[in-house]
Amino acid sequence: MSSAAITGVAGLAGMTRPQAAEGTAAPSPAKLHSVAQQFEALLIGEMLRSIRDAAKDSSADGDDDGDAGGDSAMDMAQTQFAQAIAMQGGLGLSHLIETGLAKDSANQNVKTAEPAPTGAKS
């Protein structure tokens with residue numbers, strides 16, 4: 001996976017669905033794998049963020065004066081942790097996503113390979 005971190009839902013803007021342009025080969029299995037892992041890392045990161053936010057909300061001491069530096073460091077650590085989990089197989093979602101994208105890509109190639117219908121029959 002690239003060294004660029006995906007942070008929050010805004011990270012989706014940088015992700016593109018791998019598609020083959022008309023007349024070109026399908027996306028490589030490595031590209032499909034990478035995109036699926038990035039998406040799974042994003043989902044895991046959001047789950048971790050929700051857990052952390054819920055823990056902050058339910059803290060008994062009422063101390064909610066967290067510093068911005070600590071929050072920023074925790075966000076970076078959380079993102080790296082989510083990426084590490086996804087790279088090690090994560091929740092198994094990346095495999096499902098990768099399989100689905102590969103099937104969709106194969107279907108697109110079949111559709112573009114079919115000859116265009118000719119005019120009237122003789």
# chains A, B, ... in the order shown; residues from 1 in each chain; ligands from 1

$ residues_around --residues "stretch 92-97 of chain A" --least-positions-apart "4" --cutoff "12 Å" --atoms "only C-alpha atoms" --output "PyMOL selection string"
chain A and resi 17-18+29+32-44+83+85-88+101-104

$ write_last_selection --atoms "C-alpha atoms" --output "mmCIF file, in the first residue's frame"
data_model
loop_
_atom_site.group_PDB
_atom_site.id
_atom_site.type_symbol
_atom_site.label_atom_id
_atom_site.label_comp_id
_atom_site.auth_asym_id
_atom_site.auth_seq_id
_atom_site.Cartn_x
_atom_site.Cartn_y
_atom_site.Cartn_z
ATOM 1 C CA ARG A 17 -12.343 2.554 -8.784
ATOM 2 C CA PRO A 18 -9.975 0.691 -11.071
ATOM 3 C CA PRO A 29 -4.546 -7.985 -9.771
ATOM 4 C CA LEU A 32 -7.199 -4.435 -7.350
ATOM 5 C CA HIS A 33 -5.542 -5.837 -4.228
ATOM 6 C CA SER A 34 -4.117 -2.438 -3.300
ATOM 7 C CA VAL A 35 -7.444 -0.623 -3.713
ATOM 8 C CA ALA A 36 -9.298 -3.287 -1.727
ATOM 9 C CA GLN A 37 -6.742 -3.064 1.101
ATOM 10 C CA GLN A 38 -6.959 0.733 1.153
ATOM 11 C CA PHE A 39 -10.725 0.577 1.427
ATOM 12 C CA GLU A 40 -10.592 -2.001 4.220
ATOM 13 C CA ALA A 41 -8.037 0.136 6.080
ATOM 14 C CA LEU A 42 -10.395 3.089 5.775
ATOM 15 C CA LEU A 43 -13.276 1.062 7.228
ATOM 16 C CA ILE A 44 -11.148 -0.281 10.076
ATOM 17 C CA GLN A 83 -3.397 0.014 7.622
ATOM 18 C CA ILE A 85 -4.424 -4.634 10.249
ATOM 19 C CA ALA A 86 -5.672 -4.443 6.653
ATOM 20 C CA MET A 87 -2.289 -5.482 5.242
ATOM 21 C CA GLN A 88 -2.298 -8.587 7.445
ATOM 22 C CA LEU A 101 -13.927 -5.851 -8.527
ATOM 23 C CA ALA A 102 -12.208 -8.591 -10.529
ATOM 24 C CA LYS A 103 -15.561 -10.080 -11.573
ATOM 25 C CA ASP A 104 -16.902 -6.646 -12.494
#

$ closest_residue --among "A:Ala82, A:Leu91, A:Met76, A:Ala106" --to "A:Gly45" --atoms "only C-alpha atoms"
A:Ala82

$ closest_residue --among "A:Pro27, A:Thr79, A:Gly90, A:Met74" --to "A:Glu46" --atoms "only C-alpha atoms"
A:Thr79

$ atom_distance --atom1 "atom CA of A:Ser50" --atom2 "atom CA of A:Ser72"
15.4 Å

$ atom_distance --atom1 "atom CA of A:Asp53" --atom2 "atom CA of A:Gly89"
25.0 Å

$ atom_distance --atom1 "atom CA of A:Leu48" --atom2 "atom CA of A:Ala30"
26.6 Å

$ closest_residue --among "A:Glu98, A:Ser105, A:Arg49, A:Ala54" --to "A:Phe81" --atoms "only C-alpha atoms"
A:Arg49
